[in-house]
Each structure stands twice: as structure tokens, then as C-alpha cells.
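Visitor: Sharing protein.cif, mmCIF, C-alpha atoms and all ligand atoms:
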```cif
data_structure
#
loop_
_atom_site.label_atom_id
_atom_site.label_comp_id
_atom_site.auth_asym_id
_atom_site.auth_seq_id
_atom_site.Cartn_x
_atom_site.Cartn_y
_atom_site.Cartn_z
CA MET A 1 -19.47 20.34 8.56
CA THR A 2 -16.08 18.93 9.57
CA TYR A 3 -13.48 18.67 6.80
CA THR A 4 -10.27 16.63 6.82
CA GLU A 5 -6.74 17.02 5.48
CA ILE A 6 -3.30 15.40 5.34
CA LYS A 7 -1.29 17.09 8.11
CA GLY A 8 1.96 15.25 7.45
CA THR A 9 3.51 12.11 5.99
CA GLY A 10 6.50 9.86 6.68
CA SER A 11 8.00 6.65 5.38
CA TYR A 12 10.70 4.15 6.17
CA THR A 13 12.37 1.29 4.31
CA PRO A 14 14.96 -1.19 5.59
CA SER A 15 18.53 -0.46 4.52
CA LYS A 16 19.22 -3.95 3.10
CA VAL A 17 18.71 -3.89 -0.68
CA LEU A 18 18.08 -6.94 -2.88
CA THR A 19 18.83 -6.15 -6.53
CA ASN A 20 17.60 -8.00 -9.62
CA GLU A 21 21.17 -9.21 -10.03
CA ASP A 22 21.06 -10.69 -6.49
CA LEU A 23 17.84 -12.53 -7.43
CA THR A 24 19.49 -14.20 -10.41
CA LYS A 25 21.55 -16.15 -7.85
CA ILE A 26 18.39 -17.41 -6.13
CA VAL A 27 15.99 -18.22 -9.00
CA GLU A 28 16.20 -18.53 -12.79
CA THR A 29 15.54 -14.94 -13.81
CA SER A 30 17.29 -11.90 -15.26
CA ASP A 31 17.49 -8.17 -14.71
CA GLU A 32 16.18 -7.74 -18.26
CA TRP A 33 13.05 -9.88 -17.60
CA ILE A 34 12.20 -8.24 -14.26
CA THR A 35 12.83 -4.69 -15.51
CA SER A 36 10.91 -5.08 -18.76
CA ARG A 37 7.92 -6.92 -17.20
CA THR A 38 7.62 -4.90 -13.98
CA GLY A 39 9.89 -1.84 -13.86
CA ILE A 40 11.43 -3.15 -10.62
CA LYS A 41 15.22 -2.87 -10.18
CA ARG A 42 15.60 -3.23 -6.39
CA ARG A 43 13.56 -3.97 -3.30
CA HIS A 44 14.38 -3.27 0.36
CA ILE A 45 14.06 -6.22 2.69
CA ALA A 46 13.85 -6.48 6.46
CA THR A 47 16.45 -8.85 7.85
CA ASP A 48 16.50 -7.81 11.51
CA GLU A 49 13.43 -5.55 11.76
CA TYR A 50 9.75 -6.43 12.09
CA THR A 51 6.58 -4.75 10.82
CA ILE A 52 6.27 -2.81 14.10
CA ASP A 53 9.82 -1.43 13.70
CA LEU A 54 9.11 -0.16 10.16
CA ALA A 55 5.75 1.27 11.27
CA GLU A 56 7.34 3.09 14.21
CA GLN A 57 10.01 4.82 12.09
CA ALA A 58 7.45 5.94 9.48
CA ALA A 59 5.05 7.16 12.19
CA ILE A 60 7.75 9.20 13.98
CA LYS A 61 8.52 11.00 10.70
CA ALA A 62 4.84 11.64 9.94
CA ILE A 63 4.30 13.16 13.40
CA GLN A 64 7.39 15.38 12.95
CA ASN A 65 6.32 16.47 9.46
CA ALA A 66 2.79 17.24 10.63
CA GLY A 67 4.25 19.47 13.36
CA ILE A 68 1.71 18.16 15.86
CA ASP A 69 2.08 17.16 19.48
CA LYS A 70 1.65 13.39 19.70
CA VAL A 71 -0.78 13.83 22.63
CA ASP A 72 -3.25 15.21 20.05
CA ILE A 73 -3.50 11.81 18.32
CA ASP A 74 -6.72 10.10 19.36
CA LEU A 75 -6.89 7.25 16.82
CA VAL A 76 -4.36 4.79 15.32
CA VAL A 77 -5.13 2.49 12.39
CA VAL A 78 -2.49 0.22 10.85
CA ALA A 79 -3.14 -1.53 7.53
CA THR A 80 -1.09 -4.70 7.14
CA VAL A 81 -1.25 -8.29 5.94
CA THR A 82 1.98 -9.07 7.81
CA PRO A 83 1.37 -8.24 11.48
CA ASP A 84 4.04 -9.57 13.82
CA HIS A 85 1.40 -11.32 15.93
CA TYR A 86 -2.23 -12.32 15.50
CA PHE A 87 -2.60 -10.15 18.58
CA PRO A 88 -1.67 -7.68 19.89
CA GLY A 89 -1.96 -5.72 16.65
CA VAL A 90 0.83 -3.59 15.17
CA SER A 91 -1.39 -0.58 15.96
CA GLN A 92 -1.55 -1.33 19.68
CA LEU A 93 2.19 -1.98 19.95
CA LEU A 94 2.78 1.22 18.02
CA GLN A 95 0.53 3.16 20.38
CA ALA A 96 2.57 1.85 23.31
CA ARG A 97 5.96 2.51 21.68
CA LEU A 98 5.03 6.07 20.79
CA GLY A 99 3.43 6.71 24.20
CA LEU A 100 0.11 7.79 22.74
CA GLY A 101 -2.00 7.09 25.81
CA LYS A 102 -5.12 4.97 26.07
CA ILE A 103 -6.67 5.78 22.70
CA MET A 104 -8.43 3.61 20.12
CA ALA A 105 -5.98 1.56 18.02
CA PHE A 106 -6.68 -1.29 15.62
CA ASP A 107 -5.28 -3.13 12.57
CA ILE A 108 -7.08 -3.76 9.31
CA ASN A 109 -6.35 -6.14 6.43
CA ALA A 110 -7.37 -5.19 2.91
CA ALA A 111 -4.12 -6.30 1.25
CA CYS A 112 -2.57 -3.69 -1.05
CA SER A 113 -5.70 -1.49 -0.77
CA GLY A 114 -5.35 -1.45 3.02
CA PHE A 115 -4.10 2.11 3.29
CA LEU A 116 -7.06 3.43 1.27
CA TYR A 117 -9.40 1.46 3.51
CA ALA A 118 -7.70 2.96 6.60
CA LEU A 119 -8.04 6.43 5.08
CA GLU A 120 -11.76 5.90 4.44
CA ILE A 121 -12.30 4.72 8.03
CA VAL A 122 -10.44 7.57 9.76
CA ASP A 123 -11.80 10.19 7.34
CA LYS A 124 -15.37 9.23 8.24
CA MET A 125 -14.58 8.86 11.96
CA ILE A 126 -13.11 12.37 12.04
CA LYS A 127 -15.93 13.79 9.91
CA SER A 128 -18.40 12.29 12.41
CA GLY A 129 -16.94 14.62 15.03
CA ALA A 130 -15.95 11.78 17.37
CA TYR A 131 -12.18 11.95 16.62
CA LYS A 132 -9.84 14.79 15.68
CA THR A 133 -6.40 13.54 14.76
CA ALA A 134 -5.55 10.08 13.40
CA LEU A 135 -2.28 8.32 12.72
CA ILE A 136 -2.64 5.85 9.85
CA VAL A 137 0.12 3.52 8.77
CA GLY A 138 0.60 0.97 6.00
CA ALA A 139 3.40 -1.37 7.08
CA GLU A 140 4.54 -4.68 5.64
CA THR A 141 7.27 -7.29 5.86
CA LEU A 142 6.05 -9.24 2.83
CA THR A 143 9.37 -11.04 2.54
CA ARG A 144 8.13 -13.36 5.31
CA LEU A 145 5.25 -14.52 3.03
CA THR A 146 7.46 -14.82 -0.04
CA ASP A 147 8.35 -18.18 -1.55
CA TRP A 148 11.97 -17.53 -2.51
CA SER A 149 11.92 -20.48 -4.91
CA ASP A 150 8.98 -19.12 -6.97
CA ARG A 151 10.28 -16.73 -9.63
CA ASN A 152 6.71 -15.73 -10.56
CA THR A 153 6.26 -13.93 -7.25
CA CYS A 154 9.55 -13.50 -5.38
CA VAL A 155 10.85 -10.82 -7.74
CA LEU A 156 7.85 -8.59 -7.08
CA PHE A 157 7.72 -7.78 -3.38
CA GLY A 158 9.57 -5.68 -0.81
CA ASP A 159 9.25 -4.38 2.76
CA ALA A 160 8.34 -0.83 3.82
CA ALA A 161 6.11 1.42 5.89
CA GLY A 162 4.36 4.71 5.17
CA ALA A 163 2.42 6.87 7.60
CA MET A 164 0.10 9.84 7.56
CA ILE A 165 -1.45 12.18 10.11
CA ILE A 166 -5.04 13.00 9.16
CA GLY A 167 -6.78 15.82 10.99
CA THR A 168 -9.56 18.38 10.78
CA SER A 169 -9.39 21.17 8.22
CA GLU A 170 -11.14 24.47 7.59
CA THR A 171 -11.58 23.61 3.92
CA ASP A 172 -12.52 20.45 2.06
CA LYS A 173 -9.21 18.70 1.29
CA ILE A 174 -9.87 14.94 1.46
CA LYS A 175 -12.73 15.41 -0.95
CA ASP A 176 -13.93 11.94 -1.81
CA ILE A 177 -13.03 8.28 -1.36
CA ILE A 178 -14.25 5.22 -3.27
CA ILE A 179 -13.79 1.77 -1.77
CA GLY A 180 -14.83 -1.63 -3.11
CA SER A 181 -14.26 -5.34 -2.88
CA ASP A 182 -15.26 -8.43 -4.80
CA GLY A 183 -14.58 -11.84 -3.26
CA ASP A 184 -11.75 -13.62 -5.06
CA VAL A 185 -13.48 -17.02 -5.20
CA ASN A 186 -10.98 -18.20 -7.83
CA SER A 187 -8.03 -17.61 -5.47
CA TYR A 188 -6.14 -15.54 -8.04
CA LEU A 189 -4.17 -13.83 -5.27
CA ILE A 190 -4.04 -15.72 -2.01
CA CYS A 191 -1.93 -16.58 1.01
CA ASP A 192 -3.46 -19.22 3.26
CA ASN A 193 -3.56 -18.96 7.00
CA VAL A 194 -1.87 -21.66 9.04
CA GLU A 195 -3.76 -24.94 8.83
CA LEU A 196 -6.50 -25.84 11.26
CA LYS A 197 -5.33 -27.84 14.24
CA ASN A 198 -7.35 -29.83 16.70
CA PRO A 199 -6.55 -31.70 19.89
CA TYR A 200 -7.02 -35.10 18.13
CA GLU A 201 -4.39 -34.43 15.43
CA ASN A 202 -1.60 -32.55 17.09
CA ASP A 203 0.60 -31.91 14.06
CA LYS A 204 2.26 -28.55 13.66
CA SER A 205 0.64 -25.98 11.37
CA THR A 206 2.84 -24.53 8.66
CA GLN A 207 2.86 -21.04 7.19
CA ASP A 208 1.77 -20.67 3.57
CA HIS A 209 3.24 -18.16 1.09
CA ILE A 210 1.83 -15.88 -1.62
CA HIS A 211 0.22 -17.59 -4.64
CA MET A 212 -0.79 -15.53 -7.62
CA ASN A 213 -2.30 -15.82 -11.06
CA GLY A 214 -0.37 -12.85 -12.43
CA ARG A 215 -2.35 -12.47 -15.65
CA GLU A 216 -5.73 -12.41 -13.91
CA VAL A 217 -4.46 -9.92 -11.32
CA PHE A 218 -3.02 -7.79 -14.14
CA LYS A 219 -6.40 -7.78 -15.94
CA PHE A 220 -8.27 -6.86 -12.76
CA ALA A 221 -5.79 -4.07 -11.89
CA THR A 222 -5.81 -2.47 -15.33
CA ARG A 223 -9.63 -2.45 -15.34
CA ILE A 224 -10.31 -1.25 -11.78
CA MET A 225 -7.70 1.53 -11.50
CA PRO A 226 -8.86 3.64 -14.50
CA GLN A 227 -12.49 2.93 -13.55
CA THR A 228 -11.95 4.23 -10.01
CA VAL A 229 -10.21 7.37 -11.30
CA ARG A 230 -13.05 8.02 -13.78
CA ASP A 231 -15.71 7.50 -11.09
CA LEU A 232 -13.97 9.87 -8.67
CA LEU A 233 -13.67 12.56 -11.36
CA GLU A 234 -17.22 12.15 -12.59
CA ARG A 235 -18.94 12.31 -9.23
CA ASN A 236 -16.90 15.40 -8.30
CA HIS A 237 -17.54 17.12 -11.67
CA LEU A 238 -13.82 17.22 -12.50
CA VAL A 239 -11.78 16.24 -15.56
CA LEU A 240 -8.28 14.72 -15.82
CA ASP A 241 -6.78 18.17 -16.49
CA ASP A 242 -7.86 19.21 -12.99
CA LEU A 243 -5.39 16.68 -11.53
CA ASP A 244 -1.79 17.64 -10.87
CA SER A 245 -0.85 14.01 -10.34
CA ILE A 246 -1.97 10.40 -9.91
CA VAL A 247 -0.23 8.36 -7.23
CA ALA A 248 -1.08 4.71 -7.83
CA HIS A 249 -0.26 1.55 -5.90
CA GLN A 250 3.19 0.50 -7.10
CA ALA A 251 2.62 -3.12 -8.16
CA ASN A 252 3.97 -3.07 -11.69
CA GLU A 253 5.04 -0.13 -13.89
CA ARG A 254 3.24 -1.79 -16.83
CA ILE A 255 -0.04 -1.76 -14.89
CA ILE A 256 0.33 1.97 -14.19
CA ASP A 257 1.40 2.62 -17.79
CA LYS A 258 -1.61 0.74 -19.19
CA ALA A 259 -4.02 2.46 -16.79
CA ALA A 260 -2.58 5.87 -17.74
CA ARG A 261 -2.88 5.07 -21.46
CA ASP A 262 -6.49 3.92 -21.05
CA LEU A 263 -7.30 7.15 -19.26
CA ASN A 264 -5.30 9.17 -21.78
CA TYR A 265 -3.34 10.67 -18.87
CA PRO A 266 0.41 11.36 -19.26
CA LEU A 267 2.59 8.77 -17.51
CA GLU A 268 4.97 11.61 -16.54
CA LYS A 269 2.26 12.91 -14.20
CA CYS A 270 1.96 9.52 -12.47
CA PHE A 271 4.38 9.19 -9.58
CA LEU A 272 6.63 6.13 -9.86
CA ASN A 273 9.05 4.67 -7.33
CA ILE A 274 8.50 0.96 -8.04
CA HIS A 275 12.03 0.62 -9.48
CA GLU A 276 13.44 1.14 -5.98
CA TYR A 277 11.00 -0.75 -3.73
CA GLY A 278 8.91 -3.25 -5.72
CA ASN A 279 5.41 -3.94 -4.47
CA THR A 280 5.17 -3.16 -0.75
CA SER A 281 1.42 -3.90 -0.42
CA ALA A 282 -0.31 -1.62 2.12
CA ALA A 283 2.86 0.48 2.49
CA SER A 284 3.02 1.26 -1.22
CA VAL A 285 0.52 4.14 -1.37
CA PRO A 286 1.73 6.13 1.69
CA LEU A 287 5.39 5.50 0.72
CA ALA A 288 4.71 6.83 -2.79
CA ILE A 289 2.77 9.86 -1.52
CA ASP A 290 5.51 10.67 1.01
CA GLU A 291 8.23 10.40 -1.65
CA ALA A 292 6.18 12.46 -4.10
CA ILE A 293 5.97 15.19 -1.45
CA ARG A 294 9.67 14.98 -0.45
CA SER A 295 10.78 15.15 -4.09
CA GLY A 296 8.59 18.21 -4.77
CA LYS A 297 6.37 16.34 -7.27
CA LEU A 298 3.38 16.88 -4.98
CA LYS A 299 3.06 20.36 -3.53
CA ARG A 300 0.68 22.02 -1.07
CA GLY A 301 -2.42 23.06 -3.01
CA ASP A 302 -2.04 20.30 -5.63
CA THR A 303 -5.04 18.10 -6.41
CA PHE A 304 -4.29 14.42 -6.91
CA ILE A 305 -5.92 11.01 -6.98
CA THR A 306 -4.38 8.06 -5.21
CA VAL A 307 -5.63 4.66 -6.30
CA ALA A 308 -4.92 1.06 -5.32
CA PHE A 309 -6.01 -2.52 -5.90
CA GLY A 310 -5.10 -5.72 -4.13
CA GLY A 311 -5.87 -9.17 -2.86
CA GLY A 312 -9.42 -9.79 -1.79
CA PHE A 313 -10.00 -8.48 -4.45
CA THR A 314 -10.11 -4.99 -3.00
CA TRP A 315 -9.67 -1.52 -4.43
CA GLY A 316 -9.85 2.09 -3.38
CA GLY A 317 -9.26 5.62 -4.61
CA ALA A 318 -9.18 9.05 -3.00
CA LEU A 319 -9.45 12.56 -4.45
CA ILE A 320 -7.30 14.84 -2.32
CA LYS A 321 -6.18 18.46 -2.31
CA TYR A 322 -2.82 18.37 -0.53
O1 LIG A 401 -0.60 -6.08 -5.45
C1 LIG A 401 -1.06 -7.08 -6.33
C2 LIG A 401 0.04 -8.05 -6.61
N1 LIG A 401 0.20 -8.57 -7.91
C3 LIG A 401 0.29 -7.93 -9.10
O2 LIG A 401 0.09 -6.78 -9.25
C4 LIG A 401 0.72 -8.78 -10.26
C5 LIG A 401 0.01 -8.48 -11.54
N2 LIG A 401 0.61 -9.23 -12.62
C6 LIG A 401 1.81 -8.91 -13.15
O3 LIG A 401 2.40 -7.92 -12.75
C7 LIG A 401 2.37 -9.76 -14.25
O4 LIG A 401 1.40 -10.72 -14.64
C8 LIG A 401 3.69 -10.48 -13.85
C9 LIG A 401 4.82 -9.46 -13.73
C10 LIG A 401 3.55 -11.21 -12.54
C11 LIG A 401 4.09 -11.50 -14.92
O5 LIG A 401 4.22 -10.85 -16.17
P1 LIG A 401 3.57 -11.50 -17.47
O6 LIG A 401 3.96 -10.67 -18.61
O7 LIG A 401 2.10 -11.67 -17.18
O8 LIG A 401 4.32 -12.89 -17.56
P2 LIG A 401 3.69 -14.34 -17.57
O9 LIG A 401 3.17 -14.68 -16.20
O10 LIG A 401 2.77 -14.43 -18.73
O11 LIG A 401 4.97 -15.21 -17.84
C12 LIG A 401 5.66 -15.16 -19.08
C13 LIG A 401 6.87 -16.07 -19.00
C14 LIG A 401 6.52 -17.48 -18.49
O12 LIG A 401 7.31 -18.39 -19.20
P3 LIG A 401 6.66 -19.29 -20.36
O13 LIG A 401 5.56 -20.07 -19.68
O14 LIG A 401 6.13 -18.32 -21.37
O15 LIG A 401 7.80 -20.12 -20.83
C15 LIG A 401 6.99 -17.44 -17.05
O16 LIG A 401 7.35 -18.70 -16.57
O17 LIG A 401 7.83 -15.54 -18.10
C16 LIG A 401 8.21 -16.54 -17.15
N3 LIG A 401 8.56 -15.91 -15.91
C17 LIG A 401 9.80 -15.45 -15.63
N4 LIG A 401 10.93 -15.48 -16.36
C18 LIG A 401 12.04 -14.92 -15.80
C19 LIG A 401 7.77 -15.62 -14.83
N5 LIG A 401 8.47 -15.01 -13.87
C20 LIG A 401 9.74 -14.90 -14.34
C21 LIG A 401 10.93 -14.34 -13.82
N6 LIG A 401 12.03 -14.37 -14.59
N7 LIG A 401 10.97 -13.77 -12.59
#
```
Represent the supplied structure as C-alpha cells.
Ligand code: UT7

Guide:
Amino acid sequence: MTYTEIKGTGSYTPSKVLTNEDLTKIVETSDEWITSRTGIKRRHIATDEYTIDLAEQAAIKAIQNAGIDKVDIDLVVVATVTPDHYFPGVSQLLQARLGLGKIMAFDINAACSGFLYALEIVDKMIKSGAYKTALIVGAETLTRLTDWSDRNTCVLFGDAAGAMIIGTSETDKIKDIIIGSDGDVNSYLICDNVELKNPYENDKSTQDHIHMNGREVFKFATRIMPQTVRDLLERNHLVLDDLDSIVAHQANERIIDKAARDLNYPLEKCFLNIHEYGNTSAASVPLAIDEAIRSGKLKRGDTFITVAFGGGFTWGGALIKY
């Protein structure tokens, strides 16, 4: 039996910061409204960097922290909804920038759950015996999909990247992963692709932006996150007390607070960094895990659950011994 583990993590955020106060000059909002409804105070935004640039910086740190030789990496998966091109993928450009040789590299899109999807894919690929060491990255420049005149959404998002090296282990560390999706036929959370074009009507396609029914997304999130945590615990014969921490997708502090209350799990044991970055979609989970490790809140030997939800609708959770 091949087991897997987190070998190392890294993250990167652009240096330009957009505060709630800055946003009051762009849309009709207030620091009080944003803070009380979401917990967000600031978000980092990319002004002269692209998704590939954020991904590269996070990946370099993850490789350093894992203490591996980059020639050992035989698989790259990047989760993103904001690739710089339809093709080549961020993953393939990253492979070239890092000089990783002619290995398998591909992008996936599962919105904010993308990193959990990537983890599930590489975990099973390594456990199959076909691959040994994977680089997975969640990287986003969501600001390019943001409608800066829509106060319902523009206050929520930021740009970031988080990366992880996943490799083989002698003991069972990435213990279990749950993944799901349920087609969002009501378009509660959607960003359209560019319009169809054809040679008979040669007008230019235009890029859409994020549309969201916040209340419906809130309801979905606060139902699916506690459910996923309960399912992971139950099928592994564990109880909440066995967890040192929960690291949830940072979409809204109120969502995490409500999920924690429903579970009867102390909010103090849930890692939070949403105040600094806002919702960074697929980058949110690896950024939070990396910061939890760097700040000493997650230590080697700790058992934690990471859980996410997102557009699609998609969701995922993983039970991990770090
Ligand atoms: O990764 C997944 C991404 N999405 C999410 O996770 C979002 C989930 N949903 C949420 O987090 C919350 O629904 C929001 C934070 C988006 C909104 O909070 P809410 O408590 O559900 O507010 P609401 O949508 O019910 O709006 C309440 C009021 C409305 O005014 P009226 O109609 O009551 O007069 C909004 O127009 O707040 C208004 N409002 C704002 N006011 C000031 C909405 N956005 C803003 C704003 N500043 N930025």
C-alpha cells in the first residue's frame, strides 16, 4: 500500500493592498458593512502580475519548504478559474518556468473547491503507484473577473496562490478525501465564457464577470461544509475532539462561524485569514494551510480537516495528519 503526505507548502500574494476604505471610493459601501458581513478588511490585488507569476512564487516556496530536488517532481496540477490563456495552461507554463522536464502537467477548474479536487487527483495518482511526487497549486487573479461597479461582489475577492508538494509516505497521512458536485442549474454563482462567435456575425466577444446570488450561496456553503466534516469524521471513526484544527475555504467569516457553531466546534480552532485576503477561490485553501503552518497553528503530527465549497456547485474535504 502506498501512502501520501504533505511534504511542503508555500504561498504568495501580490504586494498591492486594497482596503475596505479604498473600496468606499469605488462603490457605495463601508468598512463597517464589509467587516460585519464578511470579516474582510483587505484584499491583495495583482496589478502587474498574472496567475502564472503568482503560481510560480508559491511553487518555488513549496519546493524549498519540502526540501526536495525539483527533478523529483513528476506531476503538476494547477487549479484555477483565471488561467492567463485558454491554452497553454498555467501548469504547463509553470513546468517550463521551473524547468521540471517533460512531465505530465494540466489545469483543472472546480472554482473555489479546485485545490481539493487537485489534491484528490494527485493523491489517487500517487497511491496508484504511477507517480511519486506532485506539485499542486491553486492560483487566481479573480480581480480580472470582478465587476468593480457591483458592490455585492467586488468587496469579496482577492488574488493569491498557494502550493503544496505531495509525495509518498511510510504512514497514512492524507487519510481520506470527499469530493462532490451538483450542477448549479439556477446560476447562483456564475461567470459566463466569452460569447459564441461565428464567421457570419463577426462581432467581438466580450468577457463576462462574476454574478452571484449571495444568500443562496451562503445557504449552500453553511449546509455542505459541516456535512462534509461530519462525513469525513464518521467514515474514519473519529470525533471532533480528534481534530487539532479545521482549515476552511475563506469565503466569509460568517460562513465559517455558522459552520463551526452547527458542528459545535470552537471557532478558535478554525484557522482564519480572510480579513487579510478576502476570497481567493482555488488559492484560498493552500494559502490558509500554508499560513496556519507558518504561524505555528498547524504543527507536524496535528490532525486537521480542510474543507471547501464553490461555484459549480462543487465541494471537497480532506482529513490529513500533517
Ligand atoms: O466562494 C464562493 C463565493 N461566494 C460566497 O461565499 C458568498 C456567500 N454569501 C455571502 O457571503 C453573503 O450573502 C454576502 C456577504 C455576499 C452578502 O451578505 P448578506 O448578509 O447576505 O447581505 P444581502 O445580500 O442580504 O444584502 C443586504 C443589504 C442589501 O441592501 P437592501 O436590499 O437590504 O437595501 C444589499 O444591497 O446589503 C446591501 N449590500 C451592501 N451594502 C453595503 C450588498 N453589498 C453591499 C456592500 N456594502 N458591499

Visitor: In Å, rounded to a single decimal, give me how far CA of Ile45 (chain A) is from CA of Val194 (chain A).

Guide: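 About the pair CA of Val194 (chain A) and CA of Ile45 (chain A): they are 23.1 Å apart.
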
Visitor: Find, counting all atoms listed in the file, the residue in A:Glu21, A:Asp107, A:Asp31, A:Asp69 that gets nearest to ligand LIG 401 (chain A).

Guide: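 Closest residue, counting all atoms listed in the file: A:Asp31.
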
Visitor: Could you name the residues that touch Glu291 (chain A) at 9 Å or less, counting only C-alpha atoms, but leaving out those on the same chain fewer than 6 positions away, as a compact mmCIF listing (two decimals) with C-alpha atoms, keeping the file's coordinate frame?

Guide:
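The resulting file, part_31.txt, is reproduced below:
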```txt
# COMPACT_ATOMS: atom_id res chain seq x y z
CA GLY A 10 6.50 9.86 6.68
CA SER A 11 8.00 6.65 5.38
CA PHE A 271 4.38 9.19 -9.58
CA ASN A 273 9.05 4.67 -7.33
CA LYS A 297 6.37 16.34 -7.27
CA LEU A 298 3.38 16.88 -4.98
```

Visitor: Where does chain A meet ligand LIG 401 (chain A) within 6 Å, residue by residue, with the nearest atom pair and distance in Å to one decimal for each, counting all atoms listed in the file, listed by chain and rising number, as a Markdown table?

Guide:
```
| residue | atom | partner | partner_atom | distance |
| --- | --- | --- | --- | --- |
| A:Thr29 | CA | A:LIG401 | N6 | 3.6 |
| A:Ser30 | CA | A:LIG401 | N6 | 5.8 |
| A:Trp33 | CA | A:LIG401 | C18 | 5.4 |
| A:Ile34 | CA | A:LIG401 | N7 | 5.9 |
| A:Arg37 | CA | A:LIG401 | C9 | 5.3 |
| A:Thr38 | CA | A:LIG401 | C9 | 5.4 |
| A:Cys112 | CA | A:LIG401 | O1 | 5.4 |
| A:Arg151 | CA | A:LIG401 | N7 | 4.2 |
| A:Asn152 | CA | A:LIG401 | N5 | 3.8 |
| A:Val155 | CA | A:LIG401 | N7 | 5.7 |
| A:Gly214 | CA | A:LIG401 | O4 | 3.5 |
| A:Arg215 | CA | A:LIG401 | O4 | 4.3 |
| A:Val217 | CA | A:LIG401 | C5 | 4.7 |
| A:Phe218 | CA | A:LIG401 | C5 | 4.1 |
| A:Ala251 | CA | A:LIG401 | O2 | 4.6 |
| A:Asn252 | CA | A:LIG401 | O3 | 5.2 |
| A:Ser281 | CA | A:LIG401 | O1 | 5.8 |
| A:Gly310 | CA | A:LIG401 | O1 | 4.7 |
```

Visitor: Extract, using all atoms listed in the file, all DNA, RNA and protein residues at most 10 Å from Lys124 (chain A), discarding same-chain residues fewer than 4 positions from it, and format them as a ChimeraX atom specification.

Guide: /A:2-4,119-120,128-131,177

Visitor: When distances are computed from all atoms listed in the file, which of A:Leu145, A:Ile305, A:Leu54, A:Leu94 shows the smallest separation from Val229 (chain A)?

Guide: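 Result for the nearest residue to Val229 (chain A): A:Ile305.
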
Visitor: Work out how far apart CA of Lys197 (chain A) and CA of His209 (chain A) are and give it in Å to one decimal.

Guide: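 Atom-to-atom, CA of Lys197 (chain A) and CA of His209 (chain A) are spaced 18.4 Å apart.
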
Visitor: From the list A:Asn236, A:Val17, A:Met212, A:Ala58, which residue is nearest Asp147 (chain A) when using all atoms listed in the file?

Guide: A:Met212

Visitor: Taking only C-alpha atoms into account, which of A:His211, A:Arg235, A:His249, A:Lys258 comes nearest Leu272 (chain A)?

Guide: A:His249

Visitor: Between CA of Gly312 (chain A) and CA of Leu233 (chain A), what is the distance in Å, rounded to a tenth?

Guide: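 These two atoms are separated by 24.7 Å.
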
Visitor: Up to 9 Å from (-7.4, 7.2, 16.2) in the file's coordinates: name the residues, counting all atoms listed in the file, as a CSV table (one decimal) with C-alpha atoms, in the frame of the given file.

Guide:
```
chain,number,residue,atom,x,y,z
A,73,ILE,CA,-3.5,11.8,18.3
A,74,ASP,CA,-6.7,10.1,19.4
A,75,LEU,CA,-6.9,7.2,16.8
A,76,VAL,CA,-4.4,4.8,15.3
A,77,VAL,CA,-5.1,2.5,12.4
A,103,ILE,CA,-6.7,5.8,22.7
A,104,MET,CA,-8.4,3.6,20.1
A,105,ALA,CA,-6.0,1.6,18.0
A,106,PHE,CA,-6.7,-1.3,15.6
A,122,VAL,CA,-10.4,7.6,9.8
A,125,MET,CA,-14.6,8.9,12.0
A,126,ILE,CA,-13.1,12.4,12.0
A,131,TYR,CA,-12.2,12.0,16.6
A,132,LYS,CA,-9.8,14.8,15.7
A,133,THR,CA,-6.4,13.5,14.8
A,134,ALA,CA,-5.6,10.1,13.4
A,135,LEU,CA,-2.3,8.3,12.7
A,136,ILE,CA,-2.6,5.8,9.8
```

Visitor: Counting all atoms listed in the file, select every polymer residue within 8 Å of (10.5, -8.7, 3.7) as defined in the file's coordinates, and provide the selection as a short mmCIF file (atom, residue, chain, number, x, y, z; two decimals) with C-alpha atoms, keeping the file's coordinate frame.

Guide:
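File result.cif, as written:
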```
data_model
loop_
_atom_site.label_atom_id
_atom_site.label_comp_id
_atom_site.auth_asym_id
_atom_site.auth_seq_id
_atom_site.Cartn_x
_atom_site.Cartn_y
_atom_site.Cartn_z
CA HIS A 44 14.38 -3.27 0.36
CA ILE A 45 14.06 -6.22 2.69
CA ALA A 46 13.85 -6.48 6.46
CA THR A 47 16.45 -8.85 7.85
CA GLU A 140 4.54 -4.68 5.64
CA THR A 141 7.27 -7.29 5.86
CA LEU A 142 6.05 -9.24 2.83
CA THR A 143 9.37 -11.04 2.54
CA ARG A 144 8.13 -13.36 5.31
CA LEU A 145 5.25 -14.52 3.03
CA THR A 146 7.46 -14.82 -0.04
CA PHE A 157 7.72 -7.78 -3.38
CA GLY A 158 9.57 -5.68 -0.81
CA ASP A 159 9.25 -4.38 2.76
#
```

Visitor: Write out as a PyMOL selection string the residues lying within 10 Å of Leu263 (chain A), counting only C-alpha atoms and excluding same-chain residues fewer than 2 positions away.

Guide: chain A and resi 225-227+229-230+240+257-261+265-266

Visitor: So, counting all atoms listed in the file, which residue among A:Val81, A:Leu189, A:Ala96, A:Val247 is closest to Gly138 (chain A)?

Guide: A:Val81

Visitor: In terms of the shortest atom-to-atom distance over only C-alpha atoms, which of A:Ile121, A:Ala55, A:Val285, A:Leu100 is closest to Tyr12 (chain A)?

Guide: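 The answer is A:Ala55, which sits nearest to Tyr12 (chain A).
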
Visitor: Need the shell around Leu98 (chain A): protein/DNA/RNA residues with any atom at most 9 Å away, counting all atoms listed in the file. Skip same-chain ones fewer than 4 positions apart. Format as a PyMOL selection string?

Guide: chain A and resi 56+59-60+70+93-94

Visitor: Which polymer residues have any atom within 12 Å of an atom of Glu216 (chain A), counting all atoms listed in the file, with same-chain residues fewer than 5 positions away left out, as an MDAnalysis selection string?

Guide: chainID A and resid 184 186:189 221:223 310:311 313
